[in-house]
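Read the structure below first, then the notes.
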Amino acid sequence: MNSDILINNLAGLLIITSVMVIGTRKAKSAALLYSLQSFVLVLTFVAIAKSVDATELYHWSITAFITKVIALPALLYYAFSKMSDPQADRPVVHFGWLIPIAGVITVASFLAVESVQLPLVEHLKPALAVSLSHFFLGLLCIVSQRNILKQLFGYCLMENGSSLTLALLANKAPGLVEIGITTDAVFAVLFMVILARQIYFKLNTLDVNQLTSLKG
Amino acid sequence: MSPTEILLLLMVVPFVAAIVSFLAIRGGEGVRKLAIGCHALSMLLIVILAITVAGSVFVDGPIHAFNNWIYLDGLSALFLAVLGVVSFLTGMYSIGYIGHEYEHGELSGTKVALYYGLFNLFIATMILAVTANNVIMMWVAIEATTICSVFLVGLYGQRSSLEAAWKYIIICTVGLAFGLFGSILTYSNAAAVFADPANAIFWTDIHQNAKALDPTLVHISFIFILIGFGTKVGLFPMHAWLPDAHSEAPSPVSALLSAGLLNCALLVILRYYMITVKSIGPDFPQTLMLVFGFMSVAVSAFFIITQHDIKRKLAYHSVENMGLITLAIALGPLGVIAGLMHVINHSLAKTLMFCGAGNILLKYGTRDITVVKGILKVAPMTGILVAIGALALGGVPPFSMFVSEFLMVTAAIGEDMPFFTVALLSLLAVVLGGLAHMVACCVMGDKPAEVEKGELGFMTIAPMVVLVGLIVIMGTLIPTQVLHGIDRAALVLLDSDEPTVLNLLNLPAVSQSTEVLVPNPTLAQK
């Protein structure tokens, strides 16, 4: 198969897995689906690395596998095992609405990258558009969830979108850049989980609608 | 010691102080006192080193260090000097404030040690953010500031402080995800067009070759940067975290957030603003800066007059001032001078007011202006300092913010924007009204019977006295060295080859004073 087609198809699969992460009600399932979506991202990295012969991107694929496919989902799965709030699991946006919203986001992203003239992505504009839409799907995840722990998946999806852009446009970036971004994201999620734990044990809720004492 | 070595020392000192404090968490009273001593020494060294290294940049030109990963030019040197002063004063105030909280059982010994550790780490990440030349490291450093400061915001562990900490981390992290996307787009854009992609990671190289960048990606990335780092700056409508975090954090942290952190994120925006202007021209970025800046001023002005919580009022005031600085940058050379001057003036005045709010909170146990009355009778020194601070924040002469706000209005008139100027003046009047109301309510009036008379102690008053002195000096007789620093920073921001900006503007008060300092041949060639 032509490598460009493979990369674009894998990118398309990222959109589907993102919608599944956002749409699933069970928190632990969301952690597993996020792991799957990150695995697709790693495969996309490998496909890009093979296509442009980027050694650095192979290295990053390994780092991303460890952090995004294993560590972050495991951390979130563990957090969901220790903290549960069924009241907070009901989403703000019904799953039926997620698909058309995701469609609008994807089309808008395609239009946004239409005029990009970089030769590097001449045949990879669908993947570039996906990276942008992936980012906004992450934002959609945050605003559509009441469970503060599930909101963290939104940040992870946004971070995956940024990573795909980096892999597409700067696939020979120094390893330190990629490690810096990934490490920072892992720390951010770790600290958010610690804070969520404090909130859960102090206030006995994970529902963002309960955190409304500060207004105005 | 060379400037590079001083810079290295400046980055190491707060890290070491943080490690000592973290080690003291499990220690006893003696170990904790050692950590506090270490913290005081760290703060003193930070202010001395920051001013020394900034001064050397103003005179001798930029510093490149550590394989170009660290870069300090006139612009970042100005921000670093302000950060140094603010860190020192809030650090010293912390000793009095946190000491009081510990003595009254509000904070445990463990939390005190944790506080000093996080406080120093927070400053270290801000120093890194200001001095980073690697665009990804710039983002990492700003993200790290959130991670380090979030537990300072939630230090008290109350419902409201945990809620504020959550809003802070989630909104800022999501906002900074936009910043990351914008940074990656800029870096990737540069990597795709540069002859040597390895250099595309450095801001200096991207800026130098900005004209080669893809214009569509530059447009998209600047929007992402402005939204992303604008969230951290507190620009409307991404400011939602700011009133909560500033009001719930311990007062010295509120001061450091407002007078230190917001500036750091603003500097990152200015860095990308320079790239964008050079790449696609000034119209697009200036329009965005003007719109976001004005909206921030307009919305926050009305929140300022309606708030009853002193610290929330001050937090919205930070939104207003960051908006003012943002819009001023888009108003040509005079606006740039005004904006940079306002960075200094706002930081000083806001530090003063958050320290004052801290004293009020410790004394009255509340931040509600309908309850806090008669500060002049309870603690006369605090009362006078708070009154001065509030008037200074409102832009009343002879205090420093009057000068920068006056210059902003002049710059707007100079850009032939009469309606904008009138609207801006009206909003500034609303803000002054809000702060004057606060003074009238809190400082004047009778002393509540249950509040004990007397000041809190030397360490909670001395930093405020120093700040008032600095505000008066900056409003009446601005030191030549400070003007020179502002001039150097403006030259960088305007990307100008001229030897000076101030003298070109023909400002009668400053033209002669800076003439003697300019032109250094190496800087003139920059």
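Labels used: A, B, ... for chains in the order of the structure tokens, numbers from 1 for residues in each chain, and numbers from 1 for ligands as shown.
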Query - Contact residues (chain B, partner chain A, 8 Å, only C-alpha atoms) as a ChimeraX atom specification - result: /B:136-137,140,143-144,147,159-160,162-166,169-170,173-174,177,180-181,184-185,187-189,191-192,197-198,214,216-217,244,303,307
Query raised in the report: If you count only C-alpha atoms, which residues fall within 6 Å of A:Asn8, apart from same-chain ones fewer than 3 positions away, as a list in words?
Result: Ile5, Ala11, Pro126 and Ala127 of chain A
Would you pick out the contacts of A:Thr24 at 9 Å or less, using only C-alpha atoms, so that residues sharing its chain but fewer than 6 positions from it are not included, and give the list as a CSV table (one decimal) with N, CA and C atoms, in the first residue's frame?
chain,number,residue,atom,x,y,z
A,30,ALA,N,-13.2,3.7,28.8
A,30,ALA,CA,-12.6,4.9,28.2
A,30,ALA,C,-11.1,4.8,28.2
A,33,LEU,N,-10.0,2.3,25.7
A,33,LEU,CA,-10.1,2.8,24.3
A,33,LEU,C,-9.1,3.9,24.1
A,95,PHE,N,-24.6,11.0,23.0
A,95,PHE,CA,-23.7,10.3,22.0
A,95,PHE,C,-24.2,10.6,20.6
Query raised in the report: If we count only C-alpha atoms, what is near stretch 59-64 of chain B at a cut-off of 7 Å, once residues fewer than 6 positions away on the same chain are taken out, given as JSON, numbers by chain?
Result: {"B": [4, 70, 71, 72, 73, 74, 523]}
Atoms kept (all heavy atoms) for selection, written as an mmCIF file, in the first residue's frame:
data_model
loop_
_atom_site.group_PDB
_atom_site.id
_atom_site.type_symbol
_atom_site.label_atom_id
_atom_site.label_comp_id
_atom_site.auth_asym_id
_atom_site.auth_seq_id
_atom_site.Cartn_x
_atom_site.Cartn_y
_atom_site.Cartn_z
ATOM 1 N N THR B 4 26.871 34.758 31.770
ATOM 2 C CA THR B 4 26.336 33.398 31.580
ATOM 3 C C THR B 4 26.378 32.616 32.898
ATOM 4 O O THR B 4 25.428 31.903 33.246
ATOM 5 C CB THR B 4 27.162 32.647 30.512
ATOM 6 O OG1 THR B 4 27.236 33.467 29.361
ATOM 7 C CG2 THR B 4 26.539 31.322 30.160
ATOM 8 N N ILE B 70 19.288 28.804 25.966
ATOM 9 C CA ILE B 70 18.937 29.932 26.832
ATOM 10 C C ILE B 70 19.320 31.218 26.104
ATOM 11 O O ILE B 70 20.404 31.316 25.518
ATOM 12 C CB ILE B 70 19.698 29.834 28.175
ATOM 13 C CG1 ILE B 70 19.298 28.574 28.950
ATOM 14 C CG2 ILE B 70 19.490 31.078 29.028
ATOM 15 C CD1 ILE B 70 17.890 28.532 29.456
ATOM 16 N N TYR B 71 18.424 32.182 26.140
ATOM 17 C CA TYR B 71 18.676 33.445 25.435
ATOM 18 C C TYR B 71 18.047 34.573 26.245
ATOM 19 O O TYR B 71 16.881 34.491 26.646
ATOM 20 C CB TYR B 71 18.047 33.369 24.040
ATOM 21 C CG TYR B 71 18.111 34.648 23.248
ATOM 22 C CD1 TYR B 71 19.328 35.143 22.786
ATOM 23 C CD2 TYR B 71 16.950 35.360 22.936
ATOM 24 C CE1 TYR B 71 19.386 36.314 22.043
ATOM 25 C CE2 TYR B 71 17.003 36.527 22.197
ATOM 26 C CZ TYR B 71 18.216 36.990 21.748
ATOM 27 O OH TYR B 71 18.278 38.154 21.014
ATOM 28 N N LEU B 72 18.842 35.576 26.475
ATOM 29 C CA LEU B 72 18.346 36.730 27.234
ATOM 30 C C LEU B 72 18.641 37.988 26.426
ATOM 31 O O LEU B 72 19.803 38.349 26.242
ATOM 32 C CB LEU B 72 19.044 36.783 28.599
ATOM 33 C CG LEU B 72 18.345 37.575 29.694
ATOM 34 C CD1 LEU B 72 17.004 36.967 30.050
ATOM 35 C CD2 LEU B 72 19.213 37.650 30.946
ATOM 36 N N ASP B 73 17.579 38.631 25.924
ATOM 37 C CA ASP B 73 17.765 39.909 25.235
ATOM 38 C C ASP B 73 17.133 41.014 26.078
ATOM 39 O O ASP B 73 16.693 40.775 27.205
ATOM 40 C CB ASP B 73 17.170 39.837 23.818
ATOM 41 C CG ASP B 73 15.686 39.509 23.827
ATOM 42 O OD1 ASP B 73 15.091 39.480 24.924
ATOM 43 O OD2 ASP B 73 15.122 39.263 22.747
ATOM 44 N N GLY B 74 17.083 42.218 25.513
ATOM 45 C CA GLY B 74 16.560 43.352 26.279
ATOM 46 C C GLY B 74 15.151 43.107 26.795
ATOM 47 O O GLY B 74 14.818 43.483 27.923
ATOM 48 N N LEU B 523 24.860 47.245 20.158
ATOM 49 C CA LEU B 523 23.400 47.207 20.209
ATOM 50 C C LEU B 523 22.804 47.892 18.995
ATOM 51 O O LEU B 523 21.776 47.477 18.465
ATOM 52 C CB LEU B 523 22.902 47.899 21.480
ATOM 53 C CG LEU B 523 23.193 47.148 22.766
ATOM 54 C CD1 LEU B 523 22.864 48.017 23.948
ATOM 55 C CD2 LEU B 523 22.414 45.868 22.812
#
Report summary line: The residue from B:Met274, B:Met464, B:Val20, B:Ile142 with the smallest atom-to-atom distance to B:Leu261, counting only C-alpha atoms, is B:Ile142
Requested in this report: Do a neighbour search on A:Ile16 at 12 Å with only C-alpha atoms, toss out local chain neighbours closer than 5 positions, and write the hits as an MDAnalysis selection string.
Outcome: chainID A and resid 9:11 21:23 33:34 36:37 40 98:99 102:103 106 130 133:134 137
Query - Exercise: stretch 359-370 of chain B partners within 7 Å, only C-alpha atoms, chain neighbours under 3 positions left out, as a list of chain:residue names - result: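 Counting only C-alpha atoms, the residues come to B:His308, B:Asp309, B:Ile310, B:Lys311, B:Cys355, B:Gly356, B:Met438, B:Cys441, B:Cys442, B:Val451.
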At a cut-off of 8 Å, using only C-alpha atoms, what residues contact stretch 129-134 of chain B? Leave out same-chain residues fewer than 2 positions from it and give the result as a PDB file with all heavy atoms, in the first residue's frame.
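Saved to result.pdb:
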ATOM      1  N   ASN B  68      22.622  27.624  22.892  1.00  0.00           N
ATOM      2  CA  ASN B  68      21.527  28.460  22.366  1.00  0.00           C
ATOM      3  C   ASN B  68      20.155  28.124  22.973  1.00  0.00           C
ATOM      4  O   ASN B  68      19.144  28.689  22.556  1.00  0.00           O
ATOM      5  CB  ASN B  68      21.453  28.324  20.829  1.00  0.00           C
ATOM      6  CG  ASN B  68      20.962  29.603  20.179  1.00  0.00           C
ATOM      7  OD1 ASN B  68      20.988  30.671  20.802  1.00  0.00           O
ATOM      8  ND2 ASN B  68      20.513  29.513  18.952  1.00  0.00           N
ATOM      9  N   TRP B  69      20.114  27.213  23.930  1.00  0.00           N
ATOM     10  CA  TRP B  69      18.833  26.880  24.558  1.00  0.00           C
ATOM     11  C   TRP B  69      18.342  28.021  25.442  1.00  0.00           C
ATOM     12  O   TRP B  69      17.153  28.159  25.676  1.00  0.00           O
ATOM     13  CB  TRP B  69      18.962  25.599  25.399  1.00  0.00           C
ATOM     14  CG  TRP B  69      18.875  24.355  24.592  1.00  0.00           C
ATOM     15  CD1 TRP B  69      19.618  24.046  23.495  1.00  0.00           C
ATOM     16  CD2 TRP B  69      17.979  23.255  24.786  1.00  0.00           C
ATOM     17  NE1 TRP B  69      19.249  22.827  23.004  1.00  0.00           N
ATOM     18  CE2 TRP B  69      18.250  22.303  23.782  1.00  0.00           C
ATOM     19  CE3 TRP B  69      16.994  22.976  25.724  1.00  0.00           C
ATOM     20  CZ2 TRP B  69      17.547  21.107  23.681  1.00  0.00           C
ATOM     21  CZ3 TRP B  69      16.305  21.762  25.636  1.00  0.00           C
ATOM     22  CH2 TRP B  69      16.587  20.850  24.613  1.00  0.00           C
ATOM     23  N   ILE B  70      19.288  28.804  25.966  1.00  0.00           N
ATOM     24  CA  ILE B  70      18.937  29.932  26.832  1.00  0.00           C
ATOM     25  C   ILE B  70      19.320  31.218  26.104  1.00  0.00           C
ATOM     26  O   ILE B  70      20.404  31.316  25.518  1.00  0.00           O
ATOM     27  CB  ILE B  70      19.698  29.834  28.175  1.00  0.00           C
ATOM     28  CG1 ILE B  70      19.298  28.574  28.950  1.00  0.00           C
ATOM     29  CG2 ILE B  70      19.490  31.078  29.028  1.00  0.00           C
ATOM     30  CD1 ILE B  70      17.890  28.532  29.456  1.00  0.00           C
ATOM     31  N   TYR B  71      18.424  32.182  26.140  1.00  0.00           N
ATOM     32  CA  TYR B  71      18.676  33.445  25.435  1.00  0.00           C
ATOM     33  C   TYR B  71      18.047  34.573  26.245  1.00  0.00           C
ATOM     34  O   TYR B  71      16.881  34.491  26.646  1.00  0.00           O
ATOM     35  CB  TYR B  71      18.047  33.369  24.040  1.00  0.00           C
ATOM     36  CG  TYR B  71      18.111  34.648  23.248  1.00  0.00           C
ATOM     37  CD1 TYR B  71      19.328  35.143  22.786  1.00  0.00           C
ATOM     38  CD2 TYR B  71      16.950  35.360  22.936  1.00  0.00           C
ATOM     39  CE1 TYR B  71      19.386  36.314  22.043  1.00  0.00           C
ATOM     40  CE2 TYR B  71      17.003  36.527  22.197  1.00  0.00           C
ATOM     41  CZ  TYR B  71      18.216  36.990  21.748  1.00  0.00           C
ATOM     42  OH  TYR B  71      18.278  38.154  21.014  1.00  0.00           O
ATOM     43  N   LEU B  72      18.842  35.576  26.475  1.00  0.00           N
ATOM     44  CA  LEU B  72      18.346  36.730  27.234  1.00  0.00           C
ATOM     45  C   LEU B  72      18.641  37.988  26.426  1.00  0.00           C
ATOM     46  O   LEU B  72      19.803  38.349  26.242  1.00  0.00           O
ATOM     47  CB  LEU B  72      19.044  36.783  28.599  1.00  0.00           C
ATOM     48  CG  LEU B  72      18.345  37.575  29.694  1.00  0.00           C
ATOM     49  CD1 LEU B  72      17.004  36.967  30.050  1.00  0.00           C
ATOM     50  CD2 LEU B  72      19.213  37.650  30.946  1.00  0.00           C
ATOM     51  N   SER B  76      13.466  40.107  27.365  1.00  0.00           N
ATOM     52  CA  SER B  76      13.354  39.118  28.455  1.00  0.00           C
ATOM     53  C   SER B  76      14.107  39.580  29.695  1.00  0.00           C
ATOM     54  O   SER B  76      13.728  39.225  30.818  1.00  0.00           O
ATOM     55  CB  SER B  76      13.840  37.742  28.002  1.00  0.00           C
ATOM     56  OG  SER B  76      15.044  37.829  27.307  1.00  0.00           O
ATOM     57  N   PHE B  79      11.735  41.594  31.780  1.00  0.00           N
ATOM     58  CA  PHE B  79      10.797  40.709  32.491  1.00  0.00           C
ATOM     59  C   PHE B  79      11.504  39.963  33.623  1.00  0.00           C
ATOM     60  O   PHE B  79      10.919  39.731  34.676  1.00  0.00           O
ATOM     61  CB  PHE B  79      10.160  39.721  31.501  1.00  0.00           C
ATOM     62  CG  PHE B  79       9.027  40.322  30.709  1.00  0.00           C
ATOM     63  CD1 PHE B  79       9.270  41.206  29.667  1.00  0.00           C
ATOM     64  CD2 PHE B  79       7.713  40.021  31.002  1.00  0.00           C
ATOM     65  CE1 PHE B  79       8.235  41.778  28.943  1.00  0.00           C
ATOM     66  CE2 PHE B  79       6.665  40.585  30.280  1.00  0.00           C
ATOM     67  CZ  PHE B  79       6.928  41.462  29.252  1.00  0.00           C
ATOM     68  N   LEU B  80      12.756  39.590  33.382  1.00  0.00           N
ATOM     69  CA  LEU B  80      13.508  38.864  34.411  1.00  0.00           C
ATOM     70  C   LEU B  80      13.775  39.765  35.620  1.00  0.00           C
ATOM     71  O   LEU B  80      13.654  39.324  36.773  1.00  0.00           O
ATOM     72  CB  LEU B  80      14.831  38.357  33.828  1.00  0.00           C
ATOM     73  CG  LEU B  80      15.692  37.503  34.764  1.00  0.00           C
ATOM     74  CD1 LEU B  80      15.004  36.188  35.075  1.00  0.00           C
ATOM     75  CD2 LEU B  80      17.056  37.228  34.152  1.00  0.00           C
ATOM     76  N   THR B 125      10.778  27.771  37.657  1.00  0.00           N
ATOM     77  CA  THR B 125      10.132  27.509  36.354  1.00  0.00           C
ATOM     78  C   THR B 125       9.834  28.821  35.628  1.00  0.00           C
ATOM     79  O   THR B 125       9.913  28.877  34.395  1.00  0.00           O
ATOM     80  CB  THR B 125       8.826  26.696  36.528  1.00  0.00           C
ATOM     81  OG1 THR B 125       7.994  27.359  37.466  1.00  0.00           O
ATOM     82  CG2 THR B 125       9.110  25.291  36.997  1.00  0.00           C
ATOM     83  N   MET B 126       9.520  29.861  36.377  1.00  0.00           N
ATOM     84  CA  MET B 126       9.264  31.154  35.730  1.00  0.00           C
ATOM     85  C   MET B 126      10.550  31.720  35.133  1.00  0.00           C
ATOM     86  O   MET B 126      10.544  32.293  34.039  1.00  0.00           O
ATOM     87  CB  MET B 126       8.640  32.140  36.726  1.00  0.00           C
ATOM     88  CG  MET B 126       7.187  31.831  37.003  1.00  0.00           C
ATOM     89  SD  MET B 126       6.331  33.175  37.829  1.00  0.00           S
ATOM     90  CE  MET B 126       6.907  32.973  39.490  1.00  0.00           C
ATOM     91  N   ILE B 127      11.669  31.556  35.851  1.00  0.00           N
ATOM     92  CA  ILE B 127      12.956  32.023  35.316  1.00  0.00           C
ATOM     93  C   ILE B 127      13.269  31.264  34.022  1.00  0.00           C
ATOM     94  O   ILE B 127      13.704  31.855  33.027  1.00  0.00           O
ATOM     95  CB  ILE B 127      14.079  31.829  36.364  1.00  0.00           C
ATOM     96  CG1 ILE B 127      13.866  32.775  37.550  1.00  0.00           C
ATOM     97  CG2 ILE B 127      15.468  32.081  35.743  1.00  0.00           C
ATOM     98  CD1 ILE B 127      14.798  32.533  38.729  1.00  0.00           C
ATOM     99  N   ILE B 136       9.933  24.850  22.327  1.00  0.00           N
ATOM    100  CA  ILE B 136       9.226  23.775  23.029  1.00  0.00           C
ATOM    101  C   ILE B 136       9.524  23.857  24.524  1.00  0.00           C
ATOM    102  O   ILE B 136       8.645  23.670  25.367  1.00  0.00           O
ATOM    103  CB  ILE B 136       9.619  22.386  22.468  1.00  0.00           C
ATOM    104  CG1 ILE B 136       9.258  22.294  20.975  1.00  0.00           C
ATOM    105  CG2 ILE B 136       8.944  21.266  23.249  1.00  0.00           C
ATOM    106  CD1 ILE B 136       7.783  22.437  20.646  1.00  0.00           C
ATOM    107  N   MET B 137      10.783  24.206  24.852  1.00  0.00           N
ATOM    108  CA  MET B 137      11.124  24.358  26.266  1.00  0.00           C
ATOM    109  C   MET B 137      10.349  25.527  26.888  1.00  0.00           C
ATOM    110  O   MET B 137       9.975  25.483  28.067  1.00  0.00           O
ATOM    111  CB  MET B 137      12.623  24.577  26.438  1.00  0.00           C
ATOM    112  CG  MET B 137      13.077  24.361  27.864  1.00  0.00           C
ATOM    113  SD  MET B 137      14.843  24.364  28.018  1.00  0.00           S
ATOM    114  CE  MET B 137      15.197  26.103  28.090  1.00  0.00           C
ATOM    115  N   MET B 138      10.114  26.547  26.059  1.00  0.00           N
ATOM    116  CA  MET B 138       9.305  27.689  26.511  1.00  0.00           C
ATOM    117  C   MET B 138       7.937  27.182  26.982  1.00  0.00           C
ATOM    118  O   MET B 138       7.457  27.546  28.048  1.00  0.00           O
ATOM    119  CB  MET B 138       9.099  28.608  25.305  1.00  0.00           C
ATOM    120  CG  MET B 138       9.367  30.061  25.513  1.00  0.00           C
ATOM    121  SD  MET B 138       9.048  30.922  23.960  1.00  0.00           S
ATOM    122  CE  MET B 138      10.674  31.401  23.481  1.00  0.00           C
ATOM    123  N   TRP B 139       7.331  26.308  26.160  1.00  0.00           N
ATOM    124  CA  TRP B 139       6.017  25.761  26.507  1.00  0.00           C
ATOM    125  C   TRP B 139       6.128  24.863  27.740  1.00  0.00           C
ATOM    126  O   TRP B 139       5.301  24.944  28.652  1.00  0.00           O
ATOM    127  CB  TRP B 139       5.434  24.955  25.325  1.00  0.00           C
ATOM    128  CG  TRP B 139       4.163  24.268  25.710  1.00  0.00           C
ATOM    129  CD1 TRP B 139       2.922  24.817  25.752  1.00  0.00           C
ATOM    130  CD2 TRP B 139       4.023  22.912  26.160  1.00  0.00           C
ATOM    131  NE1 TRP B 139       2.018  23.878  26.196  1.00  0.00           N
ATOM    132  CE2 TRP B 139       2.661  22.702  26.456  1.00  0.00           C
ATOM    133  CE3 TRP B 139       4.920  21.850  26.326  1.00  0.00           C
ATOM    134  CZ2 TRP B 139       2.171  21.492  26.908  1.00  0.00           C
ATOM    135  CZ3 TRP B 139       4.435  20.636  26.786  1.00  0.00           C
ATOM    136  CH2 TRP B 139       3.067  20.469  27.072  1.00  0.00           C
ATOM    137  N   ALA B 141       8.218  24.995  30.109  1.00  0.00           N
ATOM    138  CA  ALA B 141       8.424  25.817  31.318  1.00  0.00           C
ATOM    139  C   ALA B 141       7.117  26.449  31.782  1.00  0.00           C
ATOM    140  O   ALA B 141       6.814  26.464  32.985  1.00  0.00           O
ATOM    141  CB  ALA B 141       9.467  26.899  31.043  1.00  0.00           C
ATOM    142  N   ILE B 142       6.323  26.954  30.839  1.00  0.00           N
ATOM    143  CA  ILE B 142       5.050  27.577  31.234  1.00  0.00           C
ATOM    144  C   ILE B 142       4.102  26.512  31.802  1.00  0.00           C
ATOM    145  O   ILE B 142       3.406  26.747  32.794  1.00  0.00           O
ATOM    146  CB  ILE B 142       4.389  28.303  30.027  1.00  0.00           C
ATOM    147  CG1 ILE B 142       5.244  29.508  29.588  1.00  0.00           C
ATOM    148  CG2 ILE B 142       2.971  28.753  30.363  1.00  0.00           C
ATOM    149  CD1 ILE B 142       5.179  30.723  30.488  1.00  0.00           C
ATOM    150  N   ILE B 201      14.183  24.907  16.075  1.00  0.00           N
ATOM    151  CA  ILE B 201      13.661  24.837  17.438  1.00  0.00           C
ATOM    152  C   ILE B 201      13.928  26.132  18.222  1.00  0.00           C
ATOM    153  O   ILE B 201      13.296  26.395  19.237  1.00  0.00           O
ATOM    154  CB  ILE B 201      14.279  23.621  18.185  1.00  0.00           C
ATOM    155  CG1 ILE B 201      13.441  23.201  19.394  1.00  0.00           C
ATOM    156  CG2 ILE B 201      15.707  23.881  18.627  1.00  0.00           C
ATOM    157  CD1 ILE B 201      12.282  22.384  19.039  1.00  0.00           C
ATOM    158  N   PHE B 202      14.851  26.946  17.726  1.00  0.00           N
ATOM    159  CA  PHE B 202      15.242  28.151  18.475  1.00  0.00           C
ATOM    160  C   PHE B 202      14.454  29.375  18.031  1.00  0.00           C
ATOM    161  O   PHE B 202      14.376  29.660  16.830  1.00  0.00           O
ATOM    162  CB  PHE B 202      16.740  28.407  18.315  1.00  0.00           C
ATOM    163  CG  PHE B 202      17.580  27.289  18.843  1.00  0.00           C
ATOM    164  CD1 PHE B 202      18.451  26.604  18.016  1.00  0.00           C
ATOM    165  CD2 PHE B 202      17.482  26.891  20.173  1.00  0.00           C
ATOM    166  CE1 PHE B 202      19.206  25.559  18.498  1.00  0.00           C
ATOM    167  CE2 PHE B 202      18.239  25.847  20.665  1.00  0.00           C
ATOM    168  CZ  PHE B 202      19.098  25.169  19.826  1.00  0.00           C
ATOM    169  N   TRP B 203      13.932  30.086  19.013  1.00  0.00           N
ATOM    170  CA  TRP B 203      13.159  31.280  18.721  1.00  0.00           C
ATOM    171  C   TRP B 203      13.985  32.275  17.914  1.00  0.00           C
ATOM    172  O   TRP B 203      13.465  32.881  16.956  1.00  0.00           O
ATOM    173  CB  TRP B 203      12.678  31.938  20.027  1.00  0.00           C
ATOM    174  CG  TRP B 203      11.932  33.199  19.747  1.00  0.00           C
ATOM    175  CD1 TRP B 203      10.615  33.314  19.430  1.00  0.00           C
ATOM    176  CD2 TRP B 203      12.470  34.535  19.708  1.00  0.00           C
ATOM    177  NE1 TRP B 203      10.303  34.629  19.191  1.00  0.00           N
ATOM    178  CE2 TRP B 203      11.408  35.394  19.363  1.00  0.00           C
ATOM    179  CE3 TRP B 203      13.727  35.086  19.925  1.00  0.00           C
ATOM    180  CZ2 TRP B 203      11.582  36.772  19.235  1.00  0.00           C
ATOM    181  CZ3 TRP B 203      13.895  36.458  19.791  1.00  0.00           C
ATOM    182  CH2 TRP B 203      12.832  37.293  19.457  1.00  0.00           C
ATOM    183  N   THR B 204      15.243  32.457  18.289  1.00  0.00           N
ATOM    184  CA  THR B 204      16.084  33.436  17.594  1.00  0.00           C
ATOM    185  C   THR B 204      16.179  33.107  16.101  1.00  0.00           C
ATOM    186  O   THR B 204      16.103  34.006  15.255  1.00  0.00           O
ATOM    187  CB  THR B 204      17.497  33.471  18.204  1.00  0.00           C
ATOM    188  OG1 THR B 204      17.893  32.136  18.506  1.00  0.00           O
ATOM    189  CG2 THR B 204      17.562  34.304  19.449  1.00  0.00           C
ATOM    190  N   CYS B 264       5.192  36.300  32.585  1.00  0.00           N
ATOM    191  CA  CYS B 264       5.959  35.259  31.880  1.00  0.00           C
ATOM    192  C   CYS B 264       5.197  34.771  30.659  1.00  0.00           C
ATOM    193  O   CYS B 264       5.768  34.617  29.570  1.00  0.00           O
ATOM    194  CB  CYS B 264       6.230  34.069  32.810  1.00  0.00           C
ATOM    195  SG  CYS B 264       7.296  34.486  34.177  1.00  0.00           S
ATOM    196  N   LEU B 267       5.150  37.347  27.974  1.00  0.00           N
ATOM    197  CA  LEU B 267       6.416  37.413  27.229  1.00  0.00           C
ATOM    198  C   LEU B 267       6.425  36.386  26.086  1.00  0.00           C
ATOM    199  O   LEU B 267       6.891  36.688  24.978  1.00  0.00           O
ATOM    200  CB  LEU B 267       7.602  37.163  28.171  1.00  0.00           C
ATOM    201  CG  LEU B 267       8.970  37.106  27.494  1.00  0.00           C
ATOM    202  CD1 LEU B 267       9.346  38.447  26.875  1.00  0.00           C
ATOM    203  CD2 LEU B 267      10.059  36.664  28.453  1.00  0.00           C
ATOM    204  N   VAL B 268       5.884  35.206  26.360  1.00  0.00           N
ATOM    205  CA  VAL B 268       5.839  34.178  25.304  1.00  0.00           C
ATOM    206  C   VAL B 268       4.964  34.666  24.143  1.00  0.00           C
ATOM    207  O   VAL B 268       5.318  34.519  22.973  1.00  0.00           O
ATOM    208  CB  VAL B 268       5.325  32.836  25.869  1.00  0.00           C
ATOM    209  CG1 VAL B 268       5.208  31.796  24.770  1.00  0.00           C
ATOM    210  CG2 VAL B 268       6.259  32.333  26.954  1.00  0.00           C
TER     211      VAL B 268
END
Report task. List every residue of stretch 79-111 of chain A that DSSP, applied to the backbone, labels as helix (DSSP H, G or I), and write the result as a VMD selection string. Result -> chain A and resid 79 to 82 86 to 89 95 to 111
Query raised in the report: Using only C-alpha atoms, which of A:Arg197, A:Val104, A:Asn209, A:Val19 sits nearest B:Gly157?
Result: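 Closest candidate: A:Arg197.
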Query raised in the report: What is the atom CA of A:Arg146-atom CA of A:Gln87 distance in Å, reported with one decimal?
Result: 8.8 Å
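Across the model, the gap from atom CA of B:Phe284 to atom CA of A:Ala129 is 23.0 Å.
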